[in-house]
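S.K.: Contents of target-v8.txt (compact mmCIF, C-alpha atoms) are below:
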```
# COMPACT_ATOMS: atom_id res chain seq x y z
CA MET A 21 -13.98 11.39 -9.98
CA PRO A 22 -10.32 11.18 -11.04
CA SER A 23 -8.19 8.27 -9.96
CA MET A 24 -4.89 8.55 -8.16
CA ASP A 25 -1.75 8.77 -10.28
CA PRO A 26 -0.31 5.23 -10.62
CA ASN A 27 3.09 6.40 -9.36
CA LEU A 28 1.54 7.78 -6.18
CA ALA A 29 -0.56 4.66 -5.75
CA ARG A 30 2.56 2.49 -5.95
CA HIS A 31 4.40 4.74 -3.49
CA TYR A 32 1.73 4.49 -0.81
CA GLY A 33 0.61 0.94 -1.51
CA HIS A 34 3.53 -0.62 0.37
CA TYR A 35 4.52 2.40 2.47
CA TYR A 36 3.30 0.94 5.77
CA GLU A 37 4.44 -2.66 5.35
CA THR A 38 6.99 -2.20 8.14
CA GLY A 39 4.11 -1.48 10.51
CA ALA A 40 3.74 1.33 13.03
CA SER A 41 6.78 3.52 13.63
CA GLU A 42 8.09 5.51 16.59
CA TRP A 43 8.43 8.61 14.41
CA ARG A 44 4.76 8.52 13.44
CA ARG A 45 3.76 7.77 17.04
CA LEU A 46 5.57 10.86 18.33
CA GLY A 47 4.10 13.04 15.58
CA ALA A 48 0.64 11.68 16.30
CA ILE A 49 0.78 12.93 19.89
CA ASP A 50 1.11 16.49 18.59
CA LYS A 51 -1.49 15.96 15.87
CA ALA A 52 -4.05 14.54 18.28
CA ARG A 53 -3.38 17.39 20.72
CA ASN A 54 -4.03 19.91 17.94
CA ILE A 55 -7.29 18.21 16.94
CA ILE A 56 -8.50 18.24 20.54
CA GLY A 57 -7.43 21.87 20.90
CA ARG A 58 -9.26 23.10 17.80
CA CYS A 59 -12.39 21.16 18.82
CA ASP A 60 -12.37 22.34 22.45
CA GLY A 61 -15.87 22.41 23.92
CA MET A 62 -17.46 20.33 21.15
CA ASP A 63 -19.30 17.06 21.75
CA ILE A 64 -17.84 14.74 19.12
CA ASP A 65 -19.57 11.41 18.71
CA SER A 66 -18.06 10.09 15.46
CA VAL A 67 -14.77 10.75 13.66
CA VAL A 68 -13.50 9.64 10.28
CA GLU A 69 -9.83 10.16 9.46
CA ILE A 70 -9.25 10.44 5.72
CA GLY A 71 -5.72 9.40 4.91
CA ALA A 72 -5.24 7.79 8.31
CA GLY A 73 -1.78 6.38 7.61
CA ASP A 74 -0.87 3.74 10.17
CA GLY A 75 -3.68 4.82 12.52
CA ALA A 76 -1.39 6.56 15.00
CA VAL A 77 -3.58 9.67 15.28
CA LEU A 78 -6.78 7.67 15.79
CA HIS A 79 -4.96 5.60 18.39
CA GLN A 80 -4.00 8.74 20.30
CA LEU A 81 -7.51 10.21 20.05
CA SER A 82 -9.04 6.97 21.25
CA GLY A 83 -6.78 7.00 24.30
CA THR A 84 -8.21 10.38 25.34
CA ASN A 85 -11.87 9.37 24.80
CA PHE A 86 -12.16 12.24 22.32
CA ALA A 87 -15.08 10.57 20.51
CA ARG A 88 -17.25 7.50 20.83
CA SER A 89 -16.48 5.91 17.47
CA TYR A 90 -13.69 6.12 14.91
CA SER A 91 -13.40 5.21 11.23
CA ALA A 92 -10.54 5.38 8.74
CA LEU A 93 -10.21 5.80 4.99
CA GLU A 94 -6.92 4.93 3.33
CA VAL A 95 -5.48 4.55 -0.17
CA SER A 96 -2.82 2.12 1.03
CA GLU A 97 -3.56 -1.57 1.51
CA SER A 98 -0.61 -1.87 3.88
CA ALA A 99 -2.01 0.99 6.01
CA VAL A 100 -5.44 -0.65 6.21
CA LYS A 101 -3.86 -3.79 7.63
CA VAL A 102 -1.77 -1.90 10.20
CA ILE A 103 -4.78 0.11 11.40
CA ARG A 104 -6.92 -3.00 11.79
CA ASP A 105 -4.16 -4.74 13.75
CA ARG A 106 -3.76 -1.87 16.24
CA GLY A 107 -6.83 -2.76 18.29
CA ILE A 108 -8.00 0.86 18.55
CA ASP A 109 -10.85 1.21 21.05
CA GLY A 110 -14.01 2.42 19.33
CA LEU A 111 -12.75 1.65 15.81
CA ARG A 112 -15.76 0.84 13.63
CA GLU A 113 -14.53 0.78 10.03
CA VAL A 114 -11.30 0.80 8.05
CA THR A 115 -11.98 1.25 4.35
CA LEU A 116 -9.72 1.23 1.30
CA PHE A 117 -10.70 3.98 -1.18
CA ASP A 118 -9.41 5.65 -4.34
CA GLY A 119 -8.28 8.86 -2.69
CA TYR A 120 -11.20 11.06 -3.73
CA ASP A 121 -14.55 9.24 -3.81
CA ALA A 122 -15.41 8.29 -0.23
CA PRO A 123 -17.89 5.37 -0.05
CA ILE A 124 -19.82 7.13 2.72
CA GLU A 125 -23.28 8.69 2.84
CA ASP A 126 -23.68 12.43 3.30
CA GLY A 127 -23.24 13.80 6.82
CA LYS A 128 -22.46 10.48 8.47
CA TYR A 129 -19.78 11.83 10.84
CA ASP A 130 -19.43 14.71 13.25
CA LEU A 131 -15.82 15.34 12.24
CA ALA A 132 -13.62 14.47 9.26
CA VAL A 133 -9.88 14.70 9.90
CA LEU A 134 -7.32 15.51 7.19
CA SER A 135 -4.10 15.61 9.19
CA HIS A 136 -0.98 16.03 7.02
CA VAL A 137 -2.81 14.74 3.97
CA VAL A 138 -3.60 17.77 1.79
CA GLU A 139 0.08 18.26 0.93
CA HIS A 140 0.10 14.74 -0.59
CA VAL A 141 -2.87 14.85 -2.97
CA GLU A 142 -3.13 15.88 -6.61
CA HIS A 143 -6.59 17.44 -6.32
CA PRO A 144 -6.82 18.87 -2.78
CA ARG A 145 -10.06 20.82 -3.34
CA MET A 146 -11.85 17.66 -4.43
CA LEU A 147 -10.75 15.85 -1.29
CA LEU A 148 -11.70 18.78 0.95
CA ARG A 149 -15.17 18.91 -0.60
CA GLU A 150 -15.57 15.19 -0.10
CA ALA A 151 -14.58 15.55 3.56
CA ALA A 152 -17.16 18.34 3.93
CA ARG A 153 -19.79 16.13 2.31
CA VAL A 154 -19.44 13.30 4.81
CA ALA A 155 -19.02 15.32 8.04
CA ASP A 156 -20.44 18.34 9.86
CA TYR A 157 -16.95 19.72 10.54
CA VAL A 158 -13.59 19.26 8.84
CA TYR A 159 -10.23 19.46 10.58
CA VAL A 160 -7.22 20.26 8.40
CA GLU A 161 -3.54 20.26 9.34
CA VAL A 162 -0.57 20.82 7.02
CA PRO A 163 3.11 21.69 7.38
CA LEU A 164 3.93 25.29 6.37
CA GLU A 165 6.72 24.62 3.88
CA LEU A 166 6.28 27.63 1.58
CA LYS A 167 8.97 29.80 3.13
CA LEU A 168 12.01 31.82 2.05
CA ARG A 169 14.24 28.74 1.86
CA ALA A 170 11.78 26.65 -0.12
CA PRO A 171 13.47 25.10 -3.17
CA ARG A 172 12.84 26.86 -6.48
CA ASP A 173 12.19 23.59 -8.32
CA PHE A 174 10.10 20.61 -7.34
CA LYS A 175 11.94 17.42 -6.47
CA TRP A 176 10.23 14.20 -5.44
CA THR A 177 11.20 12.92 -1.97
CA SER A 178 10.09 9.96 0.11
CA THR A 179 7.83 12.24 2.19
CA GLY A 180 5.45 12.40 -0.78
CA HIS A 181 4.72 16.12 -0.39
CA ILE A 182 3.64 17.45 -3.79
CA ASN A 183 2.01 20.69 -2.52
CA ILE A 184 3.58 23.31 -0.26
CA TYR A 185 1.67 25.91 1.71
CA SER A 186 1.97 29.08 3.75
CA SER A 187 -0.66 30.03 6.31
CA LEU A 188 -2.17 32.36 3.68
CA THR A 189 -2.31 29.87 0.80
CA ILE A 190 -3.82 27.08 2.90
CA ARG A 191 -6.49 29.50 4.19
CA HIS A 192 -7.38 30.42 0.62
CA LEU A 193 -7.45 26.78 -0.44
CA VAL A 194 -9.79 25.78 2.39
CA GLN A 195 -12.09 28.76 1.88
CA SER A 196 -12.23 28.26 -1.89
CA THR A 197 -13.87 24.88 -1.33
CA GLY A 198 -16.83 26.43 0.51
CA LEU A 199 -15.45 25.91 4.01
CA SER A 200 -15.29 28.64 6.63
CA ILE A 201 -12.58 28.58 9.27
CA VAL A 202 -13.92 28.34 12.81
CA GLU A 203 -10.54 28.36 14.55
CA GLU A 204 -6.94 28.13 13.37
CA ARG A 205 -3.50 28.04 14.92
CA VAL A 206 0.16 27.73 13.97
CA THR A 207 2.15 25.42 16.23
CA ASN A 208 5.68 24.15 16.65
CA PRO A 209 6.22 20.38 16.88
CA SER A 210 7.07 19.11 20.36
CA PHE A 211 10.61 18.73 21.64
CA ALA A 212 10.20 14.94 21.55
CA VAL A 213 9.81 15.10 17.77
CA TYR A 214 12.96 17.21 17.40
CA ARG A 215 14.91 14.95 19.76
CA PHE A 216 14.01 11.89 17.71
CA GLY A 217 14.96 13.48 14.39
CA ARG A 218 17.93 15.70 15.33
CA GLY A 219 19.65 14.12 18.32
CA LYS A 220 22.11 16.50 20.02
CA GLN A 221 21.00 19.46 17.91
CA ALA A 222 17.37 19.08 18.96
CA LEU A 223 17.29 21.43 21.94
CA ALA A 224 18.85 24.39 20.14
CA HIS A 225 16.69 23.93 17.04
CA PHE A 226 13.51 23.56 19.07
CA ALA A 227 14.29 26.58 21.26
CA ILE A 228 15.07 28.86 18.31
CA LYS A 229 11.88 27.93 16.46
CA ALA A 230 9.68 28.11 19.56
CA THR A 231 11.06 31.52 20.53
CA ALA A 232 10.75 32.89 17.01
CA LEU A 233 7.12 31.78 16.75
CA ARG A 234 6.30 33.34 20.10
CA ILE A 235 7.86 36.78 19.55
CA MET A 236 7.65 37.32 15.77
CA PRO A 237 5.22 34.84 14.17
CA PRO A 238 4.99 36.48 10.70
CA ILE A 239 8.77 36.36 10.32
CA ALA A 240 9.13 32.94 11.94
CA THR A 241 6.78 31.29 9.45
CA ARG A 242 8.80 32.75 6.58
CA LEU A 243 11.98 31.19 7.97
CA PHE A 244 10.99 27.86 9.50
CA THR A 245 8.48 25.04 8.99
CA TYR A 246 5.60 24.95 11.47
CA HIS A 247 2.20 23.25 11.45
CA TRP A 248 -1.06 25.02 10.59
CA SER A 249 -4.27 23.48 11.91
CA ALA A 250 -7.88 24.60 11.59
CA LEU A 251 -11.39 23.50 12.39
CA CYS A 252 -13.62 24.25 9.42
CA LYS A 253 -17.33 24.15 8.68
CA PRO A 254 -19.23 24.20 5.37
CA SER A 255 -20.23 27.81 4.77
CA GLY A 256 -22.93 27.29 2.15
CA ASP A 257 -21.08 29.57 -0.27
CA LEU A 258 -22.19 28.14 -3.60
CA LEU A 259 -19.76 30.36 -5.50
CA ALA A 260 -16.96 28.25 -4.05
CA ARG A 261 -18.51 25.05 -5.38
CA PRO A 262 -18.35 24.93 -9.20
```
Now, as a test, write the supplied structure out as structure tokens.

M.R.:
Amino acid sequence: MPSMDPNLARHYGHYYETGASEWRRLGAIDKARNIIGRCDGMDIDSVVEIGAGDGAVLHQLSGTNFARSYSALEVSESAVKVIRDRGIDGLREVTLFDGYDAPIEDGKYDLAVLSHVVEHVEHPRMLLREAARVADYVYVEVPLELKLRAPRDFKWTSTGHINIYSSLTIRHLVQSTGLSIVEERVTNPSFAVYRFGRGKQALAHFAIKATALRIMPPIATRLFTYHWSALCKPSGDLLARP
């Protein structure tokens, strides 16, 4: 297994030292809602979130009694501490790992969650395969940033996004790891997220994006950033597993 690039490791190592944030809390409400929506009708006993950040998503899921037990894997020591200090009901384990090699036996969990993680990692197929190894189902969510206004050249920003996707490229990525897509959806972040980030401009921006997605989704996703989420299951396609 490869190890994480030292520059990325340094970036995330201290990223959560300021603790939980209101921005991540608001985003986690949407993310948890999407997870619950894609898993509608399923009986989920155990969940592991890979790249759990400050634990905001697990905290939201726990509050809805989505599952009976929760675990977290993180590359950041500061994140591990924040998650442990949250007091999440049903939290069983919080484990520091190298970003690719999960110290978990095969098929331990019902669901592995990769929510806004795949855009951050150097070897996304390796991480997706590892998620599929440890769980019966894999949930993936990414921002759709490969659009007409995407910058021509890569530039590092504090968000840490090193991969950008469209709904087509993320489908191909997921399927090329031997996962089949059970259900997928493109969603617009909630108004609360826009209000926090854009202030007085929030309502207009939210309304334009929501309307565009509703009436002309193929065009909307070429113009604006939305979120793609999918519930996936290992397909047994050995050709996708070199």

S.K.: Between A:Val68, A:Ile182, A:Ala87, A:Ile190, which one has atoms that come closest to Glu150 in chain A, using all atoms listed in the file?

M.R.: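 Among A:Val68, A:Ile182, A:Ala87, A:Ile190, it is A:Val68 that comes nearest to Glu150 in chain A.
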
S.K.: Counting all atoms listed in the file, which of A:Met236, A:Leu116, A:Val137, A:Ala152 gets nearest to Gly180 in chain A?

M.R.: A:Val137

S.K.: Which of these residues is nearest to Val162 in chain A, using all atoms listed in the file: A:His247, A:Arg45, A:Arg215, A:His192?

M.R.: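 Checking each candidate against Val162 in chain A, we get A:His247 as the closest.
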
S.K.: My list of candidates is A:Val158, A:Val133, A:Ala76, A:Ile64. Which is closest to Leu199 in chain A when distances are computed with all atoms listed in the file?

M.R.: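 When distances to Leu199 in chain A are compared using all atoms listed in the file, the smallest one comes from A:Val158.
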
S.K.: List as a list of chain:residue names the protein and nucleic acid residues near Asp65 in chain A, meaning an atom at most 12 Å away when all atoms listed in the file are counted, but skip any in the same chain fewer than 2 places from it.

M.R.: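 Within the cut-off, the hits are A:Met62, A:Asp63, A:Val67, A:Val68, A:Ser82, A:Asn85, A:Phe86, A:Ala87, A:Arg88, A:Ser89, A:Tyr90, A:Ser91, A:Gly110, A:Lys128, A:Tyr129, A:Asp130, A:Leu131, A:Ala132, A:Ala155, A:Asp156, A:Tyr157.
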
S.K.: With distances taken over all atoms listed in the file, which of A:Thr231, A:Ser66, A:Thr84, A:Ser210 is nearest to Asp50 in chain A?

M.R.: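 For Asp50 in chain A, the nearest of the candidates is A:Ser210.
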
S.K.: Find the residue from A:Pro238, A:Gly107, A:Gly47, A:Gly57 that sits nearest to Ser187 in chain A; use only C-alpha atoms when measuring.

M.R.: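 Nearest to Ser187 in chain A: A:Pro238.
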
S.K.: Counting only C-alpha atoms, find the residues whose atoms lie at most 9 Å from (-3.1, 9.7, 13.3) (file coordinates) and write them out as a short mmCIF file (atom, residue, chain, number, x, y, z; two decimals) with C-alpha atoms, in the frame of the given file.

M.R.:
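So selection.cif came out as:
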```cif
data_model
loop_
_atom_site.label_atom_id
_atom_site.label_comp_id
_atom_site.auth_asym_id
_atom_site.auth_seq_id
_atom_site.Cartn_x
_atom_site.Cartn_y
_atom_site.Cartn_z
CA ARG A 44 4.76 8.52 13.44
CA ARG A 45 3.76 7.77 17.04
CA GLY A 47 4.10 13.04 15.58
CA ALA A 48 0.64 11.68 16.30
CA ILE A 49 0.78 12.93 19.89
CA LYS A 51 -1.49 15.96 15.87
CA ALA A 52 -4.05 14.54 18.28
CA GLU A 69 -9.83 10.16 9.46
CA GLY A 71 -5.72 9.40 4.91
CA ALA A 72 -5.24 7.79 8.31
CA GLY A 73 -1.78 6.38 7.61
CA ASP A 74 -0.87 3.74 10.17
CA GLY A 75 -3.68 4.82 12.52
CA ALA A 76 -1.39 6.56 15.00
CA VAL A 77 -3.58 9.67 15.28
CA LEU A 78 -6.78 7.67 15.79
CA HIS A 79 -4.96 5.60 18.39
CA GLN A 80 -4.00 8.74 20.30
CA LEU A 81 -7.51 10.21 20.05
CA SER A 135 -4.10 15.61 9.19
#
```

S.K.: Quick one: pull the distance between CA of Glu203 in chain A and CA of Asp126 in chain A, Å, one decimal.

M.R.: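 So the answer is 23.5 Å.
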
S.K.: At most 12 Å from (9.0, 32.8, 9.5), file frame, all atoms listed in the file: which residues, as a PyMOL selection string?

M.R.: chain A and resi 164-170+186-187+206+208+228-247

S.K.: Mind pulling up the distance from CA of Phe211 in chain A to CA of Phe226 in chain A?

M.R.: 6.2 Å

S.K.: What is the distance between CA of Glu125 in chain A and CA of Ile108 in chain A, in Å to one decimal?

M.R.: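 Computing it gives 23.3 Å between the two atoms.
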
S.K.: Ile201 in chain A: which residues within 10 Å, counting all atoms listed in the file, same-chain residues fewer than 5 positions away excluded, as a ChimeraX atom specification?

M.R.: /A:157-160,191,194-195,250-255
